[in-house]
file my_file_14.cif (mmCIF, C-alpha atoms and all ligand atoms)
data_run
loop_
_atom_site.label_atom_id
_atom_site.label_comp_id
_atom_site.auth_asym_id
_atom_site.auth_seq_id
_atom_site.Cartn_x
_atom_site.Cartn_y
_atom_site.Cartn_z
CA MET A 11 55.92 -137.08 -53.03
CA SER A 12 52.57 -138.73 -52.61
CA GLN A 13 52.21 -141.80 -54.76
CA GLN A 14 48.86 -143.39 -55.42
CA PRO A 15 48.64 -146.78 -53.67
CA LEU A 16 48.17 -149.83 -55.88
CA TRP A 17 44.87 -150.45 -54.11
CA THR A 18 43.22 -149.02 -51.06
CA THR A 19 42.22 -152.05 -49.01
CA GLU A 20 38.59 -150.92 -49.25
CA ALA A 21 38.78 -150.78 -53.06
CA LEU A 22 40.42 -154.21 -53.19
CA ALA A 23 37.67 -155.64 -50.98
CA ARG A 24 35.02 -154.10 -53.23
CA ALA A 25 36.74 -155.41 -56.37
CA MET A 26 37.01 -158.90 -54.87
CA GLY A 27 33.47 -158.87 -53.53
CA GLY A 28 34.74 -159.64 -50.03
CA ARG A 29 34.43 -158.45 -46.45
CA LEU A 30 37.20 -156.94 -44.30
CA VAL A 31 37.75 -158.43 -40.85
CA GLY A 32 40.13 -157.32 -38.09
CA ALA A 33 42.31 -154.26 -38.69
CA PRO A 34 43.91 -154.40 -42.15
CA ALA A 35 46.27 -151.63 -43.29
CA ALA A 36 44.53 -148.85 -45.26
CA THR A 37 46.46 -149.53 -48.46
CA VAL A 38 48.07 -152.41 -50.31
CA THR A 39 51.44 -151.92 -52.02
CA ASP A 40 51.30 -155.14 -54.06
CA LEU A 41 49.66 -158.57 -54.21
CA SER A 42 51.51 -161.78 -53.43
CA ILE A 43 50.67 -165.47 -53.43
CA ASP A 44 54.04 -166.55 -52.00
CA THR A 45 55.14 -165.74 -48.44
CA ARG A 46 58.78 -166.43 -49.36
CA THR A 47 58.86 -163.28 -51.49
CA LEU A 48 56.13 -161.28 -49.73
CA ALA A 49 57.15 -157.85 -48.40
CA ALA A 50 55.46 -155.91 -45.61
CA GLY A 51 52.48 -153.90 -46.85
CA GLU A 52 51.45 -156.38 -49.53
CA ALA A 53 48.19 -158.29 -49.65
CA TYR A 54 48.65 -162.04 -49.38
CA VAL A 55 46.22 -164.11 -51.41
CA ALA A 56 45.79 -167.69 -50.16
CA ILE A 57 45.58 -169.76 -53.34
CA LYS A 58 45.05 -173.51 -53.41
CA GLY A 59 47.67 -175.07 -55.71
CA HIS A 60 48.39 -178.67 -56.61
CA ALA A 61 50.78 -179.31 -53.74
CA HIS A 62 49.85 -176.72 -51.12
CA ASP A 63 46.89 -174.77 -49.85
CA GLY A 64 48.01 -171.17 -49.40
CA HIS A 65 45.88 -170.92 -46.27
CA ALA A 66 48.64 -172.84 -44.49
CA PHE A 67 50.88 -169.77 -44.87
CA VAL A 68 48.45 -167.04 -43.80
CA GLN A 69 50.06 -166.67 -40.37
CA ALA A 70 53.51 -166.46 -41.95
CA ALA A 71 52.21 -163.71 -44.26
CA LEU A 72 50.76 -161.71 -41.39
CA ASP A 73 53.96 -162.22 -39.36
CA LYS A 74 55.90 -160.73 -42.29
CA GLY A 75 53.68 -157.64 -42.17
CA ALA A 76 51.12 -158.39 -44.88
CA ALA A 77 48.56 -155.55 -45.11
CA VAL A 78 45.76 -158.11 -45.27
CA ALA A 79 45.30 -161.79 -46.09
CA VAL A 80 42.70 -162.76 -48.68
CA VAL A 81 41.16 -165.98 -47.36
CA SER A 82 38.17 -168.18 -48.05
CA GLN A 83 34.96 -167.96 -46.07
CA GLU A 84 35.34 -171.63 -45.22
CA TRP A 85 38.82 -171.16 -43.74
CA ALA A 86 37.84 -167.92 -41.98
CA GLN A 87 35.24 -169.72 -39.89
CA ALA A 88 37.94 -171.29 -37.72
CA ALA A 89 40.62 -168.63 -38.21
CA PRO A 90 42.66 -167.08 -35.40
CA PRO A 91 42.27 -163.30 -35.06
CA GLY A 92 43.95 -161.44 -37.95
CA ALA A 93 43.55 -158.87 -40.72
CA TYR A 94 41.51 -160.66 -43.36
CA LEU A 95 39.68 -160.02 -46.58
CA VAL A 96 37.16 -162.83 -46.57
CA VAL A 97 35.89 -164.04 -49.96
CA ALA A 98 34.06 -167.08 -51.27
CA ASP A 99 37.07 -168.26 -53.30
CA PRO A 100 40.46 -166.47 -53.28
CA LEU A 101 41.32 -167.43 -56.90
CA LYS A 102 37.96 -166.12 -58.15
CA ALA A 103 38.55 -163.00 -56.05
CA LEU A 104 41.93 -162.52 -57.74
CA GLU A 105 40.23 -162.79 -61.15
CA LYS A 106 37.69 -160.17 -60.08
CA ALA A 107 40.44 -157.81 -58.88
CA GLY A 108 42.25 -158.38 -62.18
CA THR A 109 39.13 -157.51 -64.15
CA VAL A 110 38.67 -154.29 -62.15
CA ALA A 111 42.38 -153.42 -62.61
CA ARG A 112 41.96 -153.89 -66.35
CA SER A 113 38.87 -151.70 -66.55
CA ARG A 114 40.31 -148.86 -64.46
CA THR A 115 43.48 -148.38 -66.57
CA ALA A 116 43.92 -146.50 -69.83
CA ALA A 117 47.12 -148.46 -70.58
CA LYS A 118 47.75 -150.03 -73.98
CA ILE A 119 47.61 -153.74 -73.28
CA LEU A 120 49.73 -156.27 -75.16
CA ALA A 121 49.49 -160.04 -74.79
CA VAL A 122 51.97 -162.61 -76.07
CA THR A 123 51.23 -166.27 -76.72
CA GLY A 124 52.80 -168.93 -78.97
CA SER A 125 54.54 -172.27 -78.61
CA ILE A 126 58.06 -170.95 -77.94
CA GLY A 127 59.57 -167.59 -77.09
CA LYS A 128 56.68 -166.06 -75.12
CA THR A 129 58.78 -164.97 -72.15
CA SER A 130 61.73 -163.83 -74.30
CA THR A 131 59.36 -161.74 -76.43
CA LYS A 132 57.40 -160.42 -73.42
CA GLU A 133 60.60 -159.31 -71.67
CA ALA A 134 62.01 -157.58 -74.76
CA LEU A 135 58.67 -155.88 -75.42
CA ALA A 136 58.40 -154.68 -71.82
CA HIS A 137 61.98 -153.39 -71.98
CA VAL A 138 61.30 -151.48 -75.19
CA LEU A 139 57.99 -150.01 -73.98
CA SER A 140 59.42 -148.97 -70.62
CA ARG A 141 61.42 -146.39 -72.61
CA GLU A 142 58.11 -144.92 -73.80
CA GLY A 143 56.15 -144.90 -70.58
CA ARG A 144 55.24 -146.60 -67.31
CA THR A 145 55.13 -150.29 -68.20
CA HIS A 146 53.71 -153.13 -66.17
CA ALA A 147 54.76 -156.73 -66.90
CA PRO A 148 55.05 -159.90 -64.84
CA PRO A 149 58.31 -161.47 -63.75
CA LYS A 150 59.10 -164.90 -65.24
CA SER A 151 56.38 -166.70 -67.18
CA PHE A 152 53.28 -166.05 -65.03
CA ASN A 153 51.09 -167.13 -67.94
CA ASN A 154 48.44 -169.44 -66.49
CA HIS A 155 45.09 -169.26 -64.66
CA ILE A 156 46.88 -167.92 -61.57
CA GLY A 157 49.74 -165.90 -63.08
CA VAL A 158 47.55 -163.92 -65.46
CA PRO A 159 44.94 -162.65 -62.94
CA LEU A 160 47.76 -162.04 -60.42
CA THR A 161 49.63 -159.92 -62.99
CA LEU A 162 46.48 -158.02 -63.89
CA SER A 163 45.58 -157.25 -60.30
CA ARG A 164 49.14 -155.98 -59.69
CA MET A 165 48.89 -153.45 -62.54
CA PRO A 166 48.97 -149.85 -61.26
CA ALA A 167 46.01 -147.80 -62.50
CA GLY A 168 48.38 -145.23 -63.99
CA SER A 169 50.26 -147.69 -66.21
CA GLN A 170 50.74 -146.62 -69.82
CA PHE A 171 51.59 -150.09 -71.11
CA GLY A 172 50.82 -153.58 -69.83
CA VAL A 173 52.58 -156.62 -71.28
CA PHE A 174 51.16 -160.06 -70.52
CA GLU A 175 52.17 -163.62 -71.30
CA ILE A 176 49.37 -166.11 -71.91
CA GLY A 177 50.11 -169.81 -72.08
CA MET A 178 48.21 -173.06 -72.35
CA ASN A 179 48.56 -176.80 -72.01
CA HIS A 180 45.07 -177.63 -73.30
CA ALA A 181 42.49 -176.22 -75.71
CA GLY A 182 40.13 -173.75 -74.09
CA GLU A 183 42.62 -172.41 -71.54
CA ILE A 184 43.51 -169.18 -73.36
CA THR A 185 39.93 -167.98 -73.91
CA PRO A 186 39.10 -167.03 -70.29
CA LEU A 187 42.57 -165.49 -69.81
CA THR A 188 42.42 -163.27 -72.90
CA ARG A 189 38.89 -162.19 -71.95
CA MET A 190 40.33 -161.00 -68.63
CA VAL A 191 43.39 -159.30 -70.17
CA LYS A 192 41.47 -157.73 -73.10
CA PRO A 193 44.59 -157.01 -75.17
CA ASP A 194 44.75 -154.15 -77.63
CA ILE A 195 47.51 -156.04 -79.38
CA ALA A 196 47.79 -159.84 -79.46
CA VAL A 197 51.09 -161.43 -80.50
CA ILE A 198 51.57 -165.06 -81.55
CA THR A 199 55.29 -165.92 -81.67
CA ASN A 200 55.03 -169.25 -83.53
CA ILE A 201 53.18 -172.55 -83.71
CA GLU A 202 55.19 -175.67 -82.90
CA ALA A 203 54.44 -179.19 -81.66
CA VAL A 204 54.58 -178.28 -77.95
CA HIS A 205 51.86 -179.96 -75.81
CA ILE A 206 50.79 -181.93 -78.89
CA GLU A 207 50.14 -184.84 -76.50
CA ASN A 208 47.18 -182.84 -75.17
CA LEU A 209 46.08 -181.22 -78.42
CA GLY A 210 46.45 -184.06 -80.92
CA THR A 211 47.36 -182.11 -84.05
CA ILE A 212 49.42 -179.06 -84.92
CA GLU A 213 46.27 -177.47 -86.38
CA ALA A 214 44.59 -177.89 -83.00
CA ILE A 215 47.59 -176.14 -81.43
CA ALA A 216 47.22 -173.24 -83.88
CA ASP A 217 43.51 -173.01 -83.05
CA ALA A 218 44.23 -173.06 -79.32
CA LYS A 219 46.73 -170.17 -79.70
CA ALA A 220 44.21 -168.33 -81.87
CA GLU A 221 41.87 -168.27 -78.87
CA ILE A 222 43.84 -165.18 -77.85
CA PHE A 223 41.84 -163.19 -80.44
CA ALA A 224 38.61 -163.77 -78.46
CA GLY A 225 39.62 -161.12 -75.94
CA VAL A 226 41.10 -158.51 -78.28
CA GLU A 227 39.52 -155.10 -77.86
CA HIS A 228 37.47 -153.53 -80.62
CA GLY A 229 39.88 -151.86 -83.05
CA GLY A 230 42.74 -154.04 -81.81
CA ALA A 231 45.53 -155.71 -83.77
CA ALA A 232 47.18 -159.10 -84.22
CA VAL A 233 50.91 -159.71 -84.80
CA LEU A 234 51.39 -163.06 -86.54
CA PRO A 235 54.30 -165.27 -87.71
CA ARG A 236 54.37 -165.02 -91.53
CA ASP A 237 56.80 -167.93 -91.95
CA SER A 238 54.53 -170.35 -90.12
CA ARG A 239 52.63 -172.76 -92.34
CA HIS A 240 49.67 -171.93 -90.12
CA PHE A 241 49.82 -168.21 -90.86
CA GLU A 242 46.69 -168.22 -93.04
CA ARG A 243 44.80 -170.23 -90.46
CA LEU A 244 45.75 -167.73 -87.74
CA ALA A 245 44.94 -164.72 -89.92
CA ARG A 246 41.52 -166.23 -90.75
CA ALA A 247 40.81 -166.74 -87.07
CA ALA A 248 41.87 -163.16 -86.31
CA ARG A 249 39.56 -161.76 -88.99
CA ALA A 250 36.73 -164.01 -87.81
CA ALA A 251 37.18 -162.45 -84.35
CA GLY A 252 36.73 -159.00 -85.89
CA ILE A 253 40.41 -157.97 -85.93
CA GLU A 254 41.10 -155.79 -88.95
CA THR A 255 44.72 -154.89 -88.33
CA ILE A 256 46.96 -157.88 -88.93
CA VAL A 257 50.71 -157.31 -89.00
CA SER A 258 52.92 -160.22 -90.01
CA PHE A 259 56.60 -160.76 -89.24
CA GLY A 260 59.23 -163.12 -90.63
CA GLU A 261 61.50 -163.71 -93.59
CA HIS A 262 58.63 -164.20 -96.02
CA GLU A 263 58.69 -161.54 -98.72
CA GLU A 264 55.14 -160.53 -97.86
CA ALA A 265 55.89 -160.07 -94.17
CA ASP A 266 55.00 -156.56 -92.98
CA VAL A 267 57.96 -156.66 -90.62
CA ARG A 268 60.53 -158.50 -92.63
CA LEU A 269 63.92 -159.88 -91.77
CA LEU A 270 66.22 -158.84 -94.61
CA ARG A 271 69.45 -160.16 -93.16
CA VAL A 272 70.86 -161.24 -89.85
CA VAL A 273 74.56 -161.40 -89.10
CA LEU A 274 75.22 -163.74 -86.21
CA ALA A 275 78.26 -163.28 -83.98
CA ALA A 276 79.22 -165.29 -80.91
CA ASP A 277 77.74 -162.79 -78.47
CA CYS A 278 75.39 -160.62 -80.49
CA SER A 279 73.50 -160.38 -83.78
CA THR A 280 73.00 -157.55 -86.20
CA VAL A 281 69.56 -157.44 -87.75
CA TYR A 282 68.56 -155.70 -90.95
CA ALA A 283 64.80 -155.46 -91.16
CA ARG A 284 62.06 -153.61 -92.98
CA VAL A 285 59.41 -152.56 -90.50
CA MET A 286 56.26 -151.53 -92.35
CA GLU A 287 58.17 -149.67 -95.08
CA THR A 288 60.98 -148.35 -92.88
CA ASP A 289 64.41 -149.95 -93.02
CA VAL A 290 66.07 -150.40 -89.64
CA THR A 291 69.37 -151.92 -88.55
CA TYR A 292 69.95 -152.86 -84.96
CA LYS A 293 72.10 -154.97 -82.73
CA LEU A 294 70.75 -157.60 -80.38
CA GLY A 295 72.70 -158.05 -77.16
CA SER A 296 72.40 -161.83 -77.27
CA PRO A 297 73.04 -164.17 -80.17
CA GLY A 298 70.65 -166.40 -82.06
CA ARG A 299 68.46 -166.36 -85.09
CA HIS A 300 65.37 -167.15 -82.98
CA LEU A 301 65.92 -163.96 -80.97
CA ALA A 302 66.15 -161.98 -84.20
CA MET A 303 62.76 -163.47 -85.14
CA ASN A 304 61.30 -162.52 -81.77
CA SER A 305 62.67 -158.99 -82.20
CA LEU A 306 60.59 -158.56 -85.36
CA ALA A 307 57.45 -159.35 -83.37
CA VAL A 308 58.61 -156.94 -80.67
CA LEU A 309 59.09 -154.08 -83.14
CA ALA A 310 55.75 -154.81 -84.80
CA ALA A 311 53.91 -154.75 -81.47
CA ALA A 312 55.82 -151.75 -80.14
CA LYS A 313 55.06 -149.75 -83.27
CA LEU A 314 51.36 -150.70 -83.08
CA ALA A 315 51.41 -149.56 -79.44
CA GLY A 316 52.65 -146.16 -80.58
CA ALA A 317 56.35 -146.51 -79.73
CA ASP A 318 59.01 -144.69 -81.70
CA LEU A 319 60.57 -147.27 -84.03
CA ALA A 320 64.12 -145.88 -83.95
CA VAL A 321 64.16 -145.72 -80.15
CA ALA A 322 62.65 -149.21 -79.94
CA ALA A 323 65.35 -150.64 -82.22
CA LEU A 324 68.08 -148.93 -80.18
CA THR A 325 66.59 -150.22 -76.94
CA LEU A 326 66.55 -153.78 -78.27
CA GLY A 327 70.33 -153.62 -78.40
CA GLU A 328 70.41 -153.39 -74.61
CA THR A 329 68.34 -156.54 -74.04
CA ARG A 330 70.05 -159.59 -72.66
CA ALA A 331 68.84 -163.16 -72.66
CA VAL A 332 66.62 -164.09 -69.71
CA ALA A 333 68.34 -166.17 -67.01
CA GLY A 334 68.35 -169.79 -68.08
CA ARG A 335 67.18 -168.93 -71.58
CA GLY A 336 70.30 -168.66 -73.66
CA GLU A 337 72.18 -166.39 -71.27
CA ARG A 338 75.89 -166.33 -72.17
CA THR A 339 78.57 -165.50 -69.64
CA GLN A 340 82.34 -165.65 -69.70
CA ARG A 341 83.77 -167.77 -66.86
CA ARG A 342 87.40 -167.70 -65.80
CA LEU A 343 89.42 -170.63 -64.50
CA ALA A 344 93.09 -170.73 -63.47
CA SER A 345 93.78 -172.66 -66.67
CA GLY A 346 91.90 -170.27 -68.98
CA SER A 347 88.33 -169.17 -69.61
CA PHE A 348 85.20 -170.59 -71.19
CA THR A 349 81.77 -169.43 -72.27
CA LEU A 350 78.80 -170.73 -70.33
CA LEU A 351 75.63 -170.91 -72.41
CA ASP A 352 72.80 -171.23 -69.88
CA GLU A 353 69.84 -173.09 -71.34
CA SER A 354 68.93 -174.66 -68.01
CA TYR A 355 65.38 -173.32 -67.95
CA ASN A 356 62.87 -176.18 -67.98
CA ALA A 357 65.76 -178.61 -67.61
N1 LIG A 401 61.32 -167.86 -81.52
C1 LIG A 401 62.01 -168.84 -80.91
N2 LIG A 401 62.26 -170.00 -81.57
C2 LIG A 401 62.96 -170.98 -80.97
N3 LIG A 401 63.47 -170.91 -79.73
C3 LIG A 401 63.25 -169.79 -79.03
C4 LIG A 401 62.50 -168.69 -79.58
N4 LIG A 401 62.46 -167.71 -78.66
C5 LIG A 401 63.14 -168.15 -77.58
N5 LIG A 401 63.62 -169.40 -77.79
C6 LIG A 401 64.36 -170.26 -76.84
O1 LIG A 401 63.41 -171.18 -76.30
C7 LIG A 401 63.56 -171.33 -74.88
C8 LIG A 401 62.26 -170.92 -74.17
O2 LIG A 401 62.01 -169.54 -74.41
P1 LIG A 401 60.89 -168.76 -73.60
O3 LIG A 401 61.08 -168.98 -72.15
O4 LIG A 401 60.88 -167.37 -74.10
O5 LIG A 401 59.60 -169.54 -74.08
P2 LIG A 401 58.13 -169.59 -73.45
O6 LIG A 401 57.23 -169.71 -74.63
O7 LIG A 401 57.91 -168.45 -72.55
O8 LIG A 401 58.13 -170.93 -72.62
P3 LIG A 401 57.04 -171.42 -71.49
O9 LIG A 401 55.90 -172.03 -72.27
O10 LIG A 401 57.80 -172.42 -70.70
O11 LIG A 401 56.63 -170.23 -70.68
C9 LIG A 401 64.78 -170.49 -74.55
O12 LIG A 401 65.90 -171.35 -74.51
C10 LIG A 401 64.89 -169.48 -75.66
O13 LIG A 401 66.23 -169.06 -75.88
MG MG A 402 57.30 -168.42 -70.61
#
call {"tool": "encode", "arguments": {"input": "my_file_14.cif", "output": "structure tokens"}}
result
Amino acid sequence: MSQQPLWTTEALARAMGGRLVGAPAATVTDLSIDTRTLAAGEAYVAIKGHAHDGHAFVQAALDKGAAVAVVSQEWAQAAPPGAYLVVADPLKALEKAGTVARSRTAAKILAVTGSIGKTSTKEALAHVLSREGRTHAPPKSFNNHIGVPLTLSRMPAGSQFGVFEIGMNHAGEITPLTRMVKPDIAVITNIEAVHIENLGTIEAIADAKAEIFAGVEHGGAAVLPRDSRHFERLARAARAAGIETIVSFGEHEEADVRLLRVVLAADCSTVYARVMETDVTYKLGSPGRHLAMNSLAVLAAAKLAGADLAVAALTLGETRAVAGRGERTQRRLASGSFTLLDESYNA
């Protein structure tokens, strides 16, 4: 079976506006910024982070069989011989590749932001959509100025769905990311006082999350938390950005995707919801009212993306909590057993 490569190295060089040096492999199976997880055949992109300059690991990447290393012009001047894609700035090059990846795909693109529950919602949404078609989504959070362009540039051209997480610590950070991702459907999970030290007020947080609308494609939709006291503010911002389809979720009686009842058990929940006029009942594989709330946003977004509602609700029952985010496991000791609730993420 011949599978289309993620990128031919030539196409990646064109997308990044760079120049190939040495003898790179003809194709690239994936992009990586971390030599610890890099596999042979992938392109290594040397990114400058807070603590490290990725250029220090270029040799390690090539030793592991990287197809090519994307390096800066400045570094390349004194580089040992190797297979390089030389660019002015590797991070900018990654953004350019991401933009090309976005424009070459016909996938429905969904982007999730909000104060809490972005990753949980992104994972559940990706799980549900993968039942419908080829779905691309990042591992973990990958929601910042590096994670978002990296995720975009790793998206196969033939994807049918792309699910992205977009985060922020400061006002103004979401705008360039959403303009790169160009979501067809933008989801805001909730607005809470996270990063208020940088934003000042909860209204400023709502406005910063609402930046996600700036990138929404013409004819796109917004999925918004109806129970939030900032719902109207978010809906206004969505309309101001030209978004006509606004779908709300929550317990509020006017919510388009409405929680009617949730029965919480120790290891699962049963959710009764009305999803745009259709009543659905489904089980969630992990407990918690907050996950029931997230599931409403997932069903709203999945339905907008064209997924079958009944299949989506069934699929939700198979989702488990993400490692370190409310994962529950039964542990056995000689003296008996106990339940470990893993909330260690961000600890
Ligand atoms: N809607 C929600 N309301 C409250 N808590 C939630 C909600 N969704 C998930 N959680 C819990 O909050 C924690 C963080 O969830 P998650 O990782 O999904 O958030 P995030 O927005 O992606 O965070 P980050 O900004 O660090 O990427 C987990 O313990 C999770 O169980
Ligand atoms: Mg996250």
call {"tool": "atom_distance", "arguments": {"input": "my_file_14.cif", "atom1": "atom CA of A:Ser140", "atom2": "atom CA of A:Val273"}}
result
26.9 Å
call {"tool": "residues_near_point", "arguments": {"input": "my_file_14.cif", "point": "(60.1, -148.5, -79.0)", "cutoff": "9 Å", "atoms": "all atoms listed in the file", "output": "ChimeraX atom specification"}}
result
/A:135,137-142,308-309,312-313,315-326
call {"tool": "residues_near_point", "arguments": {"input": "my_file_14.cif", "point": "(53.6, -162.9, -93.6)", "cutoff": "8 Å", "atoms": "all atoms listed in the file", "output": "PyMOL selection string"}}
result
chain A and resi 234-237+241+257-266
call {"tool": "closest_residue", "arguments": {"input": "my_file_14.cif", "among": "A:Arg243, A:Arg164, A:His180, A:Lys128", "to": "ligand LIG 401 (chain A)", "atoms": "all atoms listed in the file"}}
result
A:Lys128
call {"tool": "residues_near_ligand", "arguments": {"input": "my_file_14.cif", "ligand": "ligand MG 402 (chain A)", "cutoff": "10 Å", "atoms": "all atoms listed in the file", "output": "number ranges by chain"}}
result
A: 122-133, 149-154, 175-177, 335, 355-356
call {"tool": "residues_around", "arguments": {"input": "my_file_14.cif", "residues": "stretch 104-112 of chain A", "least_positions_apart": "5", "cutoff": "6 Å", "atoms": "only C-alpha atoms", "output": "JSON, numbers by chain"}}
result
{"A": [25, 26, 159, 162, 163, 190]}
call {"tool": "closest_residue", "arguments": {"input": "my_file_14.cif", "among": "A:Arg239, A:His300, A:Arg268, A:Arg46", "to": "ligand LIG 401 (chain A)", "atoms": "all atoms listed in the file"}}
result
A:His300
call {"tool": "atom_distance", "arguments": {"input": "my_file_14.cif", "atom1": "atom CA of A:Leu301", "atom2": "atom C2 of ligand LIG 401 (chain A)"}}
result
7.6 Å
call {"tool": "closest_residue", "arguments": {"input": "my_file_14.cif", "among": "A:Leu95, A:Ile256, A:Leu294, A:Val55", "to": "A:Ser279", "atoms": "all atoms listed in the file"}}
result
A:Leu294
call {"tool": "closest_residue", "arguments": {"input": "my_file_14.cif", "among": "A:Ala88, A:Val31, A:Ala248, A:Ala134", "to": "ligand LIG 401 (chain A)", "atoms": "only C-alpha atoms and all ligand atoms"}}
result
A:Ala134
call {"tool": "residues_around", "arguments": {"input": "my_file_14.cif", "residues": "A:Ile215", "least_positions_apart": "3", "cutoff": "12 Å", "atoms": "only C-alpha atoms", "output": "JSON, numbers by chain"}}
result
{"A": [123, 124, 125, 177, 178, 179, 180, 181, 182, 183, 184, 198, 200, 201, 202, 203, 204, 205, 206, 207, 208, 209, 210, 211, 212, 218, 219, 220, 221, 240, 243, 244]}
call {"tool": "closest_residue", "arguments": {"input": "my_file_14.cif", "among": "A:Ala276, A:Asp73, A:Leu314, A:Val68", "to": "A:Lys118", "atoms": "all atoms listed in the file"}}
result
A:Leu314
call {"tool": "closest_residue", "arguments": {"input": "my_file_14.cif", "among": "A:Thr280, A:Asn304, A:Thr188, A:Gln14", "to": "ligand LIG 401 (chain A)", "atoms": "only C-alpha atoms and all ligand atoms"}}
result
A:Asn304
call {"tool": "decode", "arguments": {"input": "my_file_14.cif", "residues": "stretch 102-153 of chain A", "atoms": "C-alpha atoms", "output": "mmCIF file, in the first residue's frame"}}
result
data_model
loop_
_atom_site.group_PDB
_atom_site.id
_atom_site.type_symbol
_atom_site.label_atom_id
_atom_site.label_comp_id
_atom_site.auth_asym_id
_atom_site.auth_seq_id
_atom_site.Cartn_x
_atom_site.Cartn_y
_atom_site.Cartn_z
ATOM 1 C CA LYS A 102 8.681 31.197 11.977
ATOM 2 C CA ALA A 103 9.351 28.359 9.524
ATOM 3 C CA LEU A 104 7.158 26.052 11.617
ATOM 4 C CA GLU A 105 4.375 28.658 11.508
ATOM 5 C CA LYS A 106 4.711 28.860 7.727
ATOM 6 C CA ALA A 107 4.547 25.062 7.379
ATOM 7 C CA GLY A 108 1.490 25.077 9.648
ATOM 8 C CA THR A 109 -0.209 27.684 7.492
ATOM 9 C CA VAL A 110 0.472 25.650 4.337
ATOM 10 C CA ALA A 111 -0.778 22.464 6.073
ATOM 11 C CA ARG A 112 -3.974 24.289 6.982
ATOM 12 C CA SER A 113 -4.560 25.576 3.462
ATOM 13 C CA ARG A 114 -3.906 22.235 1.752
ATOM 14 C CA THR A 115 -6.450 20.237 3.801
ATOM 15 C CA ALA A 116 -10.211 19.977 3.364
ATOM 16 C CA ALA A 117 -10.598 18.800 6.980
ATOM 17 C CA LYS A 118 -13.214 20.297 9.298
ATOM 18 C CA ILE A 119 -11.164 22.160 11.862
ATOM 19 C CA LEU A 120 -12.222 22.511 15.493
ATOM 20 C CA ALA A 121 -10.433 24.590 18.118
ATOM 21 C CA VAL A 122 -10.979 24.476 21.866
ATOM 22 C CA THR A 123 -10.098 27.228 24.324
ATOM 23 C CA GLY A 124 -11.383 28.195 27.782
ATOM 24 C CA SER A 125 -10.037 28.521 31.312
ATOM 25 C CA ILE A 126 -10.398 24.861 32.340
ATOM 26 C CA GLY A 127 -11.085 21.599 30.547
ATOM 27 C CA LYS A 128 -9.466 22.359 27.177
ATOM 28 C CA THR A 129 -7.435 19.146 27.005
ATOM 29 C CA SER A 130 -10.244 16.973 28.429
ATOM 30 C CA THR A 131 -12.650 18.407 25.847
ATOM 31 C CA LYS A 132 -10.126 18.208 22.984
ATOM 32 C CA GLU A 133 -9.376 14.547 23.751
ATOM 33 C CA ALA A 134 -13.049 13.565 23.977
ATOM 34 C CA LEU A 135 -13.831 15.460 20.778
ATOM 35 C CA ALA A 136 -10.948 13.815 18.919
ATOM 36 C CA HIS A 137 -12.067 10.404 20.189
ATOM 37 C CA VAL A 138 -15.636 10.987 19.022
ATOM 38 C CA LEU A 139 -14.622 12.356 15.609
ATOM 39 C CA SER A 140 -12.138 9.566 14.970
ATOM 40 C CA ARG A 141 -15.199 7.302 14.688
ATOM 41 C CA GLU A 142 -16.384 9.475 11.793
ATOM 42 C CA GLY A 143 -13.177 9.896 9.865
ATOM 43 C CA ARG A 144 -9.419 10.421 9.879
ATOM 44 C CA THR A 145 -8.830 12.781 12.797
ATOM 45 C CA HIS A 146 -5.708 14.726 13.625
ATOM 46 C CA ALA A 147 -5.174 16.086 17.150
ATOM 47 C CA PRO A 148 -2.128 16.866 19.275
ATOM 48 C CA PRO A 149 -0.988 14.814 22.245
ATOM 49 C CA LYS A 150 -1.181 16.542 25.647
ATOM 50 C CA SER A 151 -1.905 20.271 25.746
ATOM 51 C CA PHE A 152 0.245 21.604 22.875
ATOM 52 C CA ASN A 153 -1.709 24.852 22.969
#
